[in-house]
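Dumped structure34.txt below, it's compact mmCIF, C-alpha atoms and all ligand atoms:
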```txt
# COMPACT_ATOMS: atom_id res chain seq x y z
CA MET J 1 56.37 17.84 -3.76
CA LEU J 2 53.61 16.89 -1.36
CA LYS J 3 52.45 19.43 1.18
CA VAL J 4 49.60 19.84 3.61
CA TYR J 5 46.56 21.75 2.40
CA HIS J 6 44.01 22.99 4.92
CA CYS J 7 40.55 22.14 3.71
CA ASP J 8 37.05 22.96 4.90
CA LEU J 9 34.95 20.85 2.58
CA HIS J 10 31.44 21.70 3.83
CA ILE J 11 30.41 25.37 3.87
CA HIS J 12 26.95 26.79 3.23
CA THR J 13 26.07 30.13 1.66
CA CYS J 14 23.08 32.43 2.13
CA LEU J 15 21.24 30.24 -0.39
CA SER J 16 20.65 27.71 2.41
CA PRO J 17 17.59 28.87 4.35
CA CYS J 18 19.26 28.08 7.66
CA ALA J 19 22.42 30.09 6.85
CA GLU J 20 22.80 33.78 7.67
CA LEU J 21 22.46 36.34 4.87
CA ASP J 22 25.99 37.56 5.61
CA MET J 23 27.20 34.29 4.07
CA HIS J 24 27.35 35.81 0.60
CA PRO J 25 30.13 34.75 -1.81
CA GLN J 26 32.46 37.72 -1.31
CA ALA J 27 32.28 37.63 2.50
CA LEU J 28 32.60 33.86 2.58
CA VAL J 29 35.79 33.91 0.50
CA ALA J 30 37.25 36.77 2.54
CA ARG J 31 36.66 34.85 5.76
CA ALA J 32 38.10 31.63 4.33
CA LEU J 33 41.26 33.53 3.31
CA GLU J 34 41.47 35.08 6.79
CA LYS J 35 41.37 31.57 8.22
CA ASN J 36 44.22 30.52 5.88
CA LEU J 37 42.16 27.83 4.19
CA ASP J 38 43.62 26.43 0.97
CA ILE J 39 40.58 24.53 -0.32
CA ILE J 40 36.88 24.96 0.49
CA ALA J 41 33.80 23.18 -0.80
CA VAL J 42 30.63 25.25 -1.16
CA SER J 43 27.64 23.06 -0.43
CA ASP J 44 24.10 24.34 -0.07
CA HIS J 45 21.08 22.19 0.72
CA ASN J 46 19.86 20.71 -2.58
CA ALA J 47 21.00 23.87 -4.39
CA SER J 48 24.09 25.29 -6.03
CA ALA J 49 23.30 28.66 -7.66
CA ASN J 50 25.83 30.54 -5.52
CA VAL J 51 28.78 28.32 -6.45
CA PRO J 52 29.66 30.21 -9.67
CA TYR J 53 29.64 33.48 -7.71
CA VAL J 54 31.93 32.04 -5.04
CA LEU J 55 34.26 30.96 -7.85
CA ALA J 56 34.12 34.51 -9.24
CA ALA J 57 34.76 36.00 -5.78
CA ALA J 58 37.81 33.72 -5.41
CA ALA J 59 39.23 34.43 -8.87
CA GLY J 60 42.89 35.46 -8.64
CA LYS J 61 42.97 34.68 -4.92
CA ASN J 62 45.04 32.00 -3.27
CA ILE J 63 42.19 29.60 -2.53
CA ARG J 64 40.61 26.70 -4.38
CA ILE J 65 36.81 26.30 -4.52
CA VAL J 66 35.30 22.85 -4.96
CA PRO J 67 31.77 22.91 -6.44
CA ALA J 68 29.53 20.89 -4.12
CA MET J 69 26.02 20.27 -2.87
CA GLU J 70 24.54 18.78 0.31
CA ILE J 71 21.76 16.56 -0.97
CA THR J 72 18.89 15.26 1.17
CA THR J 73 18.04 11.69 0.19
CA ARG J 74 14.63 10.06 0.45
CA GLU J 75 15.74 8.53 3.76
CA GLU J 76 16.51 12.10 4.97
CA VAL J 77 20.24 11.46 4.98
CA HIS J 78 22.51 14.39 4.09
CA VAL J 79 25.06 13.39 1.46
CA LEU J 80 27.80 15.74 0.35
CA ALA J 81 28.60 15.69 -3.37
CA LEU J 82 32.00 17.12 -4.33
CA LEU J 83 32.37 17.74 -8.05
CA GLU J 84 35.21 18.56 -10.38
CA ASN J 85 33.60 21.43 -12.27
CA LEU J 86 30.50 23.53 -12.81
CA SER J 87 29.15 21.46 -15.67
CA ALA J 88 28.99 18.36 -13.46
CA LEU J 89 27.34 20.48 -10.77
CA ARG J 90 24.77 21.78 -13.25
CA GLU J 91 23.90 18.25 -14.29
CA LEU J 92 23.50 17.14 -10.70
CA GLN J 93 21.33 20.18 -9.98
CA ALA J 94 19.07 19.35 -12.94
CA LEU J 95 18.53 15.88 -11.48
CA ILE J 96 17.84 17.23 -7.99
CA ASP J 97 15.38 19.81 -9.36
CA ARG J 98 13.36 17.01 -10.94
CA HIS J 99 13.16 15.20 -7.59
CA LEU J 100 12.63 18.01 -5.08
CA PHE J 101 9.12 19.23 -4.34
CA GLY J 102 7.41 21.94 -2.34
CA LYS J 103 7.76 25.69 -1.83
CA ASN J 104 9.85 27.48 0.77
CA ASP J 105 8.18 29.42 3.58
CA GLU J 106 10.59 32.31 4.23
CA ASP J 107 9.06 33.24 7.58
CA ARG J 108 9.46 29.76 8.97
CA PHE J 109 12.60 28.46 7.28
CA GLY J 110 14.49 31.55 6.14
CA VAL J 111 15.42 33.38 2.95
CA GLN J 112 17.21 31.55 0.13
CA ALA J 113 19.23 34.25 -1.60
CA VAL J 114 21.31 33.94 -4.74
CA VAL J 115 23.96 36.66 -4.37
CA ASN J 116 26.69 37.54 -6.86
CA GLU J 117 30.37 38.17 -6.16
CA ARG J 118 29.69 41.89 -5.65
CA GLY J 119 27.15 41.22 -2.90
CA GLU J 120 24.10 41.98 -5.06
CA VAL J 121 21.01 39.79 -4.81
CA GLU J 122 20.44 38.07 -8.15
CA ASP J 123 17.48 35.90 -7.27
CA ILE J 124 15.46 34.37 -4.44
CA ASN J 125 15.10 30.61 -4.69
CA THR J 126 11.53 29.51 -3.92
CA GLN J 127 12.03 25.73 -3.75
CA LEU J 128 11.67 23.94 -0.42
CA LEU J 129 15.42 23.41 -0.12
CA LEU J 130 15.09 22.02 3.40
CA GLY J 131 12.88 19.23 2.01
CA ALA J 132 14.02 15.77 0.95
CA THR J 133 14.37 14.57 -2.61
CA ASP J 134 12.57 11.36 -3.55
CA LEU J 135 15.86 9.72 -4.58
CA SER J 136 17.31 6.97 -2.40
CA ILE J 137 20.79 7.28 -0.94
CA ASP J 138 21.95 4.57 -3.36
CA GLU J 139 20.53 6.49 -6.33
CA ILE J 140 22.17 9.73 -5.15
CA VAL J 141 25.56 8.07 -4.71
CA ALA J 142 25.28 6.44 -8.15
CA ALA J 143 24.39 9.81 -9.73
CA ILE J 144 27.36 11.51 -8.06
CA HIS J 145 29.68 8.77 -9.30
CA ARG J 146 28.26 8.96 -12.83
CA LEU J 147 29.38 12.60 -12.79
CA GLU J 148 32.79 11.49 -11.45
CA GLY J 149 32.19 13.22 -8.17
CA LEU J 150 32.88 12.17 -4.59
CA ALA J 151 30.00 11.03 -2.35
CA ILE J 152 30.43 11.69 1.36
CA PRO J 153 27.67 11.16 3.96
CA ALA J 154 27.68 14.31 6.09
CA HIS J 155 28.06 14.56 9.89
CA ILE J 156 27.58 10.82 10.48
CA ASP J 157 27.97 11.34 14.24
CA ARG J 158 24.93 13.60 14.50
CA GLU J 159 21.54 12.18 15.35
CA SER J 160 19.60 14.08 12.71
CA PHE J 161 19.96 13.76 8.94
CA SER J 162 22.90 11.38 9.26
CA VAL J 163 23.38 8.02 7.61
CA LEU J 164 23.85 6.33 10.99
CA GLY J 165 20.86 8.07 12.56
CA GLN J 166 18.47 7.40 9.68
CA LEU J 167 19.74 4.04 8.45
CA GLY J 168 21.29 2.59 11.60
CA PHE J 169 24.58 1.44 10.12
CA ILE J 170 26.64 1.47 6.93
CA ASP J 171 26.39 -1.79 5.05
CA ASP J 172 29.31 -3.41 3.28
CA ASN J 173 27.91 -2.70 -0.18
CA ALA J 174 27.88 1.08 0.24
CA HIS J 175 30.20 3.01 -2.07
CA PHE J 176 31.05 6.12 -0.10
CA ASP J 177 34.32 7.90 -0.86
CA ALA J 178 34.71 9.15 2.71
CA LEU J 179 32.65 9.85 5.81
CA GLU J 180 32.31 13.26 7.42
CA ILE J 181 32.64 13.57 11.19
CA SER J 182 31.44 16.85 12.64
CA GLY J 183 33.93 19.14 14.32
CA ARG J 184 32.31 18.62 17.70
CA THR J 185 33.36 14.97 17.70
CA GLY J 186 36.57 15.32 15.70
CA LEU J 187 38.70 12.73 13.93
CA SER J 188 40.34 10.95 16.84
CA ARG J 189 37.14 10.60 18.85
CA GLY J 190 35.37 9.56 15.65
CA ARG J 191 37.89 6.76 15.15
CA LEU J 192 37.36 5.56 18.73
CA ARG J 193 33.59 5.68 18.42
CA TYR J 194 33.37 3.91 15.04
CA PRO J 195 36.04 1.19 14.90
CA GLU J 196 33.83 -0.76 12.46
CA LEU J 197 34.22 2.04 9.90
CA ASP J 198 38.01 1.91 9.83
CA ARG J 199 38.06 1.10 6.11
CA TYR J 200 36.74 4.60 5.38
CA PRO J 201 38.68 7.85 5.25
CA PHE J 202 37.24 10.41 7.69
CA LEU J 203 36.96 14.13 6.99
CA THR J 204 36.09 16.88 9.43
CA SER J 205 34.57 20.09 8.16
CA SER J 206 32.84 23.08 9.72
CA ASP J 207 29.40 22.73 8.07
CA ALA J 208 29.43 26.52 8.53
CA HIS J 209 26.10 28.35 8.32
CA PHE J 210 27.60 31.54 9.82
CA LEU J 211 30.73 33.44 8.81
CA ARG J 212 32.30 32.92 12.22
CA ASP J 213 32.05 29.13 11.80
CA ILE J 214 34.12 28.92 8.61
CA GLY J 215 37.32 27.00 9.26
CA THR J 216 36.37 25.99 12.81
CA ALA J 217 36.76 22.35 11.72
CA THR J 218 39.14 21.44 8.92
CA SER J 219 40.89 18.47 7.37
CA ALA J 220 44.58 18.43 6.49
CA LEU J 221 45.15 16.83 3.10
CA LEU J 222 48.59 15.86 1.85
CA LEU J 223 48.55 16.79 -1.85
CA GLU J 224 50.87 17.85 -4.63
CA ALA J 225 48.49 20.59 -5.79
CA PRO J 226 45.03 21.83 -4.77
CA THR J 227 43.17 20.01 -7.55
CA PHE J 228 40.15 17.74 -7.58
CA ALA J 229 42.19 14.80 -8.90
CA GLU J 230 44.60 15.22 -5.96
CA ILE J 231 41.70 15.34 -3.46
CA ARG J 232 40.32 12.16 -4.97
CA MET J 233 43.72 10.47 -4.57
CA ALA J 234 43.98 11.66 -0.97
CA LEU J 235 40.58 10.14 -0.08
CA ALA J 236 41.59 6.90 -1.76
CA GLY J 237 45.03 7.03 -0.12
CA GLN J 238 46.83 6.71 -3.45
CA ASN J 239 50.35 7.76 -4.48
CA GLY J 240 51.26 9.09 -1.08
CA ARG J 241 48.31 11.46 -1.03
CA ARG J 242 46.27 11.11 2.13
CA ILE J 243 44.28 12.74 4.89
CA VAL J 244 46.55 13.54 7.81
CA GLU J 245 44.91 12.25 11.00
CA MET X 246 -1.46 -12.75 18.32
CA LYS X 247 -0.01 -14.06 15.08
CA ILE X 248 1.05 -11.92 12.11
CA GLU X 249 -1.57 -13.68 10.00
CA GLU X 250 -4.37 -12.45 12.26
CA ILE X 251 -3.15 -8.84 12.02
CA VAL X 252 -2.89 -9.14 8.23
CA GLN X 253 -6.50 -10.40 8.09
CA ALA X 254 -7.89 -7.85 10.54
CA LEU X 255 -6.29 -4.85 8.84
CA GLY X 256 -6.29 -6.03 5.21
CA LEU X 257 -2.53 -5.65 4.81
CA ASP X 258 -0.80 -6.39 1.52
CA VAL X 259 1.89 -9.01 2.20
CA LYS X 260 4.90 -8.34 -0.04
CA CYS X 261 7.38 -11.00 0.97
CA ALA X 262 8.13 -13.95 3.24
CA LYS X 263 4.49 -14.99 2.90
CA ASP X 264 5.25 -18.36 4.49
CA CYS X 265 6.40 -16.76 7.75
CA LEU X 266 3.09 -15.31 8.96
CA ASP X 267 2.59 -17.80 11.79
CA ARG X 268 5.00 -15.94 14.08
CA GLU X 269 3.79 -14.46 17.32
CA VAL X 270 3.67 -10.65 17.61
CA THR X 271 4.65 -9.63 21.15
CA GLY X 272 4.38 -5.87 20.73
CA GLY X 273 5.08 -3.07 18.29
CA TYR X 274 7.36 -0.13 17.59
CA THR X 275 6.81 2.82 15.26
CA GLY X 276 9.80 4.79 13.94
CA ASP X 277 11.80 5.91 10.93
CA LEU X 278 15.15 6.53 12.61
CA LEU X 279 16.80 3.14 12.35
CA SER X 280 19.24 4.01 15.13
CA ASP X 281 16.25 4.64 17.42
CA VAL X 282 14.53 1.42 16.36
CA MET X 283 17.72 -0.54 17.00
CA GLY X 284 17.99 0.99 20.46
CA ASN X 285 14.39 0.74 21.61
CA SER X 286 12.50 -2.09 19.95
CA LYS X 287 12.39 -5.68 21.16
CA ALA X 288 12.29 -9.20 19.75
CA GLY X 289 8.86 -10.25 18.49
CA TYR X 290 7.76 -6.68 17.82
CA ILE X 291 6.03 -5.67 14.63
CA TRP X 292 7.81 -2.60 13.26
CA ILE X 293 5.86 0.21 11.59
CA THR X 294 7.92 2.54 9.38
CA ARG X 295 8.09 4.79 6.33
CA GLN X 296 11.68 3.78 5.51
CA VAL X 297 11.96 1.41 2.54
CA HIS X 298 15.77 1.16 2.31
CA GLN X 299 17.21 -2.36 2.47
CA ASN X 300 18.77 -1.63 5.87
CA ILE X 301 15.32 -2.08 7.44
CA VAL X 302 15.62 -5.83 6.82
CA ALA X 303 18.97 -6.00 8.58
CA VAL X 304 17.58 -4.08 11.57
CA ALA X 305 14.44 -6.27 11.76
CA SER X 306 16.54 -9.41 11.50
CA LEU X 307 19.06 -8.22 14.10
CA LYS X 308 16.29 -7.27 16.53
CA GLU X 309 14.28 -10.41 15.69
CA HIS X 310 11.18 -8.45 14.81
CA SER X 311 8.19 -10.53 13.78
CA ALA X 312 7.46 -8.38 10.70
CA ILE X 313 7.67 -4.92 9.12
CA ILE X 314 4.69 -2.79 8.10
CA LEU X 315 5.27 -0.01 5.56
CA ILE X 316 2.83 2.88 5.90
CA ASN X 317 1.17 5.25 3.40
CA SER X 318 1.35 2.62 0.65
CA SER X 319 5.16 2.90 0.59
CA GLN X 320 6.64 0.17 -1.58
CA PRO X 321 9.77 -1.78 -0.61
CA THR X 322 12.65 -1.51 -3.10
CA ALA X 323 13.70 -4.58 -5.11
CA GLU X 324 16.81 -4.99 -2.92
CA THR X 325 14.69 -4.75 0.22
CA MET X 326 12.29 -7.44 -1.05
CA GLU X 327 15.14 -9.74 -1.98
CA LYS X 328 16.83 -9.36 1.41
CA ALA X 329 13.54 -9.79 3.29
CA GLU X 330 12.81 -13.00 1.38
CA ALA X 331 16.29 -14.33 2.21
CA GLU X 332 16.08 -13.29 5.88
CA LYS X 333 12.47 -14.47 6.15
CA ILE X 334 11.17 -11.11 7.41
CA PRO X 335 7.57 -10.55 6.28
CA ILE X 336 6.96 -7.06 4.87
CA MET X 337 3.38 -5.82 4.66
CA VAL X 338 2.08 -2.60 3.13
CA SER X 339 -0.77 -0.52 4.54
CA ASP X 340 -2.35 2.55 2.97
CA LEU X 341 -2.84 4.07 6.42
CA PRO X 342 -0.48 6.61 8.05
CA ALA X 343 1.69 5.53 10.99
CA PHE X 344 -0.58 7.00 13.68
CA GLU X 345 -3.65 5.08 12.52
CA ILE X 346 -2.01 1.73 11.82
CA SER X 347 -0.17 1.90 15.16
CA GLY X 348 -3.43 2.62 16.98
CA LYS X 349 -5.23 -0.26 15.32
CA ILE X 350 -2.45 -2.74 16.06
CA TYR X 351 -2.19 -1.49 19.64
CA ASN X 352 -5.91 -2.15 20.08
CA LEU X 353 -5.67 -5.62 18.57
CA LEU X 354 -2.74 -6.59 20.78
CA THR X 355 -4.21 -5.23 24.02
CA ALA X 356 -7.74 -6.58 23.38
CA LYS X 357 -6.39 -10.07 23.02
CA SER X 358 -4.41 -10.21 26.26
ZN ZN J 401 23.65 18.48 6.95
ZN ZN J 402 25.50 21.27 5.93
```

Represent the supplied structure as structure tokens.
Amino acid sequence: MLKVYHCDLHIHTCLSPCAELDMHPQALVARALEKNLDIIAVSDHNASANVPYVLAAAAGKNIRIVPAMEITTREEVHVLALLENLSALRELQALIDRHLFGKNDEDRFGVQAVVNERGEVEDINTQLLLGATDLSIDEIVAAIHRLEGLAIPAHIDRESFSVLGQLGFIDDNAHFDALEISGRTGLSRGRLRYPELDRYPFLTSSDAHFLRDIGTATSALLLEAPTFAEIRMALAGQNGRRIVE
Amino acid sequence: MKIEEIVQALGLDVKCAKDCLDREVTGGYTGDLLSDVMGNSKAGYIWITRQVHQNIVAVASLKEHSAIILINSSQPTAETMEKAEAEKIPIMVSDLPAFEISGKIYNLLTAKS
């Protein structure tokens, strides 16, 4: 039977330099449960080392974690990659690591902490995660699709780091699985503002960098079960699965 | 001033639409945010950018720019070259950064008038 699942498919952890340190896996999961979220995607900037710990923190709890990453393309567009499992995420991370350069400056950009499900710091990432990869948006989307993931340009309504801001428009040959509208604009205003994008499914997510932001923007997905295959069907509008607008 | 004269004066490497260099350059715009370029540039302008994605050709064509200059020796992608050839938008490459190439073109355009 189909039912509505409340999803927040864009949440950062304390691995993102711009996120607060309180965003560690255990606290993040606890907050998501408090907000009655059914499915969340954990997406750090060009990094993913906290995803396994979020999965561990959510083990046995009534919430589904989607492994994800928010990749910065060469054009400085943020693209969300949603993946089915950790092995796909590891492969994507290996590719990103080969194409991301520079060292983080903690004082200027913030700490990039890998924290386990018990709240213990495992590692400090020293890459310049706020930097851009040297892969084009088309190359990133192709890589995500090779790994059978979903490619979603993030916060297209924002001026900075958005596909519309950086690249002006979305051309007909693009192969995005959905477009993310930030919570500030919301789905209905997004539809009014972008009538030319009506062939795309729209998602709204919180893009939370702070615990209090988790679940402040969500998407309602009509699914049979909280699985990746069902999410894929909902974005494609197949078999009755869909995003409720 | 014609594109050809700017190419000669600054030693630019013309990548495509080589037969379209007789167009008049009426001004210039420097920017990497295509939304900003679409909003603020004008027909006849030469556009100076670091973006190499194929969308730059669509923007230049839509805004009727005279040509595109890529800075810091950035190379256009194969798709970008193909589109630029089809749309007859000359793309030139400079090894200079945006600040310097913009300054030089500004001087050329204002000296002439
Ligand atoms: Zn972003
Ligand atoms: Zn984000």

Item to complete: Please report as an NGL selection string which residues of chain X come no farther than 6 Å from chain J, using all atoms listed in the file.
Response: :X and (278-280)

Item to complete: Would you list the residues near (37.3, 8.7, 8.5) (no more than 12 Å away, in the coordinates of the file, using all atoms listed in the file) as a PyMOL selection string?
Response: chain J and resi 152-157+176-182+185-205+219+234-237+242-245

Worksheet item: Which residue out of J:Ser206, J:Thr73, J:Gln93, J:Thr216 has the minimum interatomic distance to ligand ZN 402 (chain J) when all atoms listed in the file are used?
Response: J:Ser206

Worksheet item: Residues at most 8 Å from Val297 of chain X, counting only C-alpha atoms, excluding those fewer than 2 positions away in the same chain, as a ChimeraX atom specification?
Response: /X:295,299,301,315,319-322,325

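In this structure, atom CA of Leu128 of chain J sits 20.3 Å away from atom CA of His10 of chain J.
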
Once you count only C-alpha atoms and all ligand atoms, what closest atom pair and distance in Å to one decimal does each residue of chain J within 8 Å of ligand ZN 402 (chain J) have, with rows by chain and rising residue number, as JSON lines?
```
{"residue": "J:His10", "atom": "CA", "partner": "J:ZN402", "partner_atom": "ZN", "distance": 6.3}
{"residue": "J:Ile11", "atom": "CA", "partner": "J:ZN402", "partner_atom": "ZN", "distance": 6.7}
{"residue": "J:His12", "atom": "CA", "partner": "J:ZN402", "partner_atom": "ZN", "distance": 6.3}
{"residue": "J:Ser43", "atom": "CA", "partner": "J:ZN402", "partner_atom": "ZN", "distance": 6.9}
{"residue": "J:Asp44", "atom": "CA", "partner": "J:ZN402", "partner_atom": "ZN", "distance": 6.9}
{"residue": "J:His45", "atom": "CA", "partner": "J:ZN402", "partner_atom": "ZN", "distance": 6.9}
{"residue": "J:Glu70", "atom": "CA", "partner": "J:ZN402", "partner_atom": "ZN", "distance": 6.2}
{"residue": "J:His78", "atom": "CA", "partner": "J:ZN402", "partner_atom": "ZN", "distance": 7.7}
{"residue": "J:Ala154", "atom": "CA", "partner": "J:ZN402", "partner_atom": "ZN", "distance": 7.3}
{"residue": "J:Asp207", "atom": "CA", "partner": "J:ZN402", "partner_atom": "ZN", "distance": 4.7}
{"residue": "J:Ala208", "atom": "CA", "partner": "J:ZN402", "partner_atom": "ZN", "distance": 7.1}
{"residue": "J:His209", "atom": "CA", "partner": "J:ZN402", "partner_atom": "ZN", "distance": 7.5}
```

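For Ile71 of chain J, the list of residues within 9 Å, based on all atoms listed in the file and with local chain neighbours fewer than 3 positions off taken out, reads J:Ser43, J:Asp44, J:His45, J:Asn46, J:Ala47, J:Val77, J:His78, J:Val79, J:Leu80, J:Ala81, J:Ile96, J:Ala132, J:Thr133, J:Ile140.
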
Fill in: Selected residue, from J:Leu37, J:Leu130, J:Val54, J:Cys14, that lies nearest to ligand ZN 401 (chain J) when counting only C-alpha atoms and all ligand atoms
J:Leu130

Discussion item. Using all atoms listed in the file, which protein or nucleic acid residues come within 8 Å of Glu330 of chain X? Drop anything in the same chain fewer than 5 positions from it, and give the result as an NGL selection string.
Written reply: :X and (261-262 or 335)

Worksheet entry | Non-local contacts of Ile291 of chain X (8 Å; all atoms listed in the file; under 6 positions in same chain excluded) as a ChimeraX atom specification | /X:270-274,310-314

Discussion item. Considering all atoms listed in the file, can you say which of J:Asn125, J:Gln112, J:Asn36, J:Thr13 comes closest to Tyr53 of chain J?
Written reply: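 Distance minimum relative to Tyr53 of chain J lands on J:Thr13.
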
Practice prompt. Pick out the residues sitting within 12 Å of Ala32 of chain J, and hand them over as a PyMOL selection string; count all atoms listed in the file, and ignore anything fewer than 2 positions along from it in its own chain.
Written response: chain J and resi 6-11+23+25-30+34-42+54+57-58+61-65+206+208+210-218

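Atom CA of Met69 of chain J to atom CA of Ser48 of chain J spans 6.2 Å [interatomic distance, one decimal].
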
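Computed from the coordinates, the atom CA of Met326 of chain X to atom CA of Ala143 of chain J distance equals 22.8 Å.
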
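Of the listed residues J:Ala142, J:Leu221, J:Phe228, J:Cys18, the one whose atoms come nearest to ligand ZN 401 (chain J) is J:Cys18, with distances taken using all atoms listed in the file.
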
Return as lines of an AutoDock Vina configuration file the box centre and box size in Å, one decimal, for an axis-aligned box around all listed atoms of segment 291-307 of chain X padded by 5 Å per side.
```
center_x = 12.5
center_y = -2.3
center_z = 8.5
size_x = 23.2
size_y = 24.2
size_z = 22.3
```

Neighbours of point (-2.2, -8.0, 11.1) within 10 Å, using only C-alpha atoms, written as a PDB file with C-alpha atoms, in the frame of the given file:
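The result, written out as selection_1.pdb:
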```pdb
ATOM      1  CA  MET X 246      -1.460 -12.750  18.320  1.00  0.00           C
ATOM      2  CA  LYS X 247      -0.010 -14.060  15.080  1.00  0.00           C
ATOM      3  CA  ILE X 248       1.050 -11.920  12.110  1.00  0.00           C
ATOM      4  CA  GLU X 249      -1.570 -13.680  10.000  1.00  0.00           C
ATOM      5  CA  GLU X 250      -4.370 -12.450  12.260  1.00  0.00           C
ATOM      6  CA  ILE X 251      -3.150  -8.840  12.020  1.00  0.00           C
ATOM      7  CA  VAL X 252      -2.890  -9.140   8.230  1.00  0.00           C
ATOM      8  CA  GLN X 253      -6.500 -10.400   8.090  1.00  0.00           C
ATOM      9  CA  ALA X 254      -7.890  -7.850  10.540  1.00  0.00           C
ATOM     10  CA  LEU X 255      -6.290  -4.850   8.840  1.00  0.00           C
ATOM     11  CA  GLY X 256      -6.290  -6.030   5.210  1.00  0.00           C
ATOM     12  CA  LEU X 257      -2.530  -5.650   4.810  1.00  0.00           C
ATOM     13  CA  ASP X 258      -0.800  -6.390   1.520  1.00  0.00           C
ATOM     14  CA  VAL X 259       1.890  -9.010   2.200  1.00  0.00           C
ATOM     15  CA  LEU X 266       3.090 -15.310   8.960  1.00  0.00           C
ATOM     16  CA  VAL X 270       3.670 -10.650  17.610  1.00  0.00           C
ATOM     17  CA  ILE X 291       6.030  -5.670  14.630  1.00  0.00           C
ATOM     18  CA  ALA X 312       7.460  -8.380  10.700  1.00  0.00           C
ATOM     19  CA  ILE X 314       4.690  -2.790   8.100  1.00  0.00           C
ATOM     20  CA  MET X 337       3.380  -5.820   4.660  1.00  0.00           C
ATOM     21  CA  ILE X 346      -2.010   1.730  11.820  1.00  0.00           C
ATOM     22  CA  LYS X 349      -5.230  -0.260  15.320  1.00  0.00           C
ATOM     23  CA  ILE X 350      -2.450  -2.740  16.060  1.00  0.00           C
ATOM     24  CA  LEU X 353      -5.670  -5.620  18.570  1.00  0.00           C
ATOM     25  CA  LEU X 354      -2.740  -6.590  20.780  1.00  0.00           C
TER      26      LEU X 354
END
```

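The residue that comes closest to Asn50 of chain J, out of J:Leu150, J:Leu222, J:Leu135, J:Ala113 and on the basis of all atoms listed in the file, is J:Ala113.
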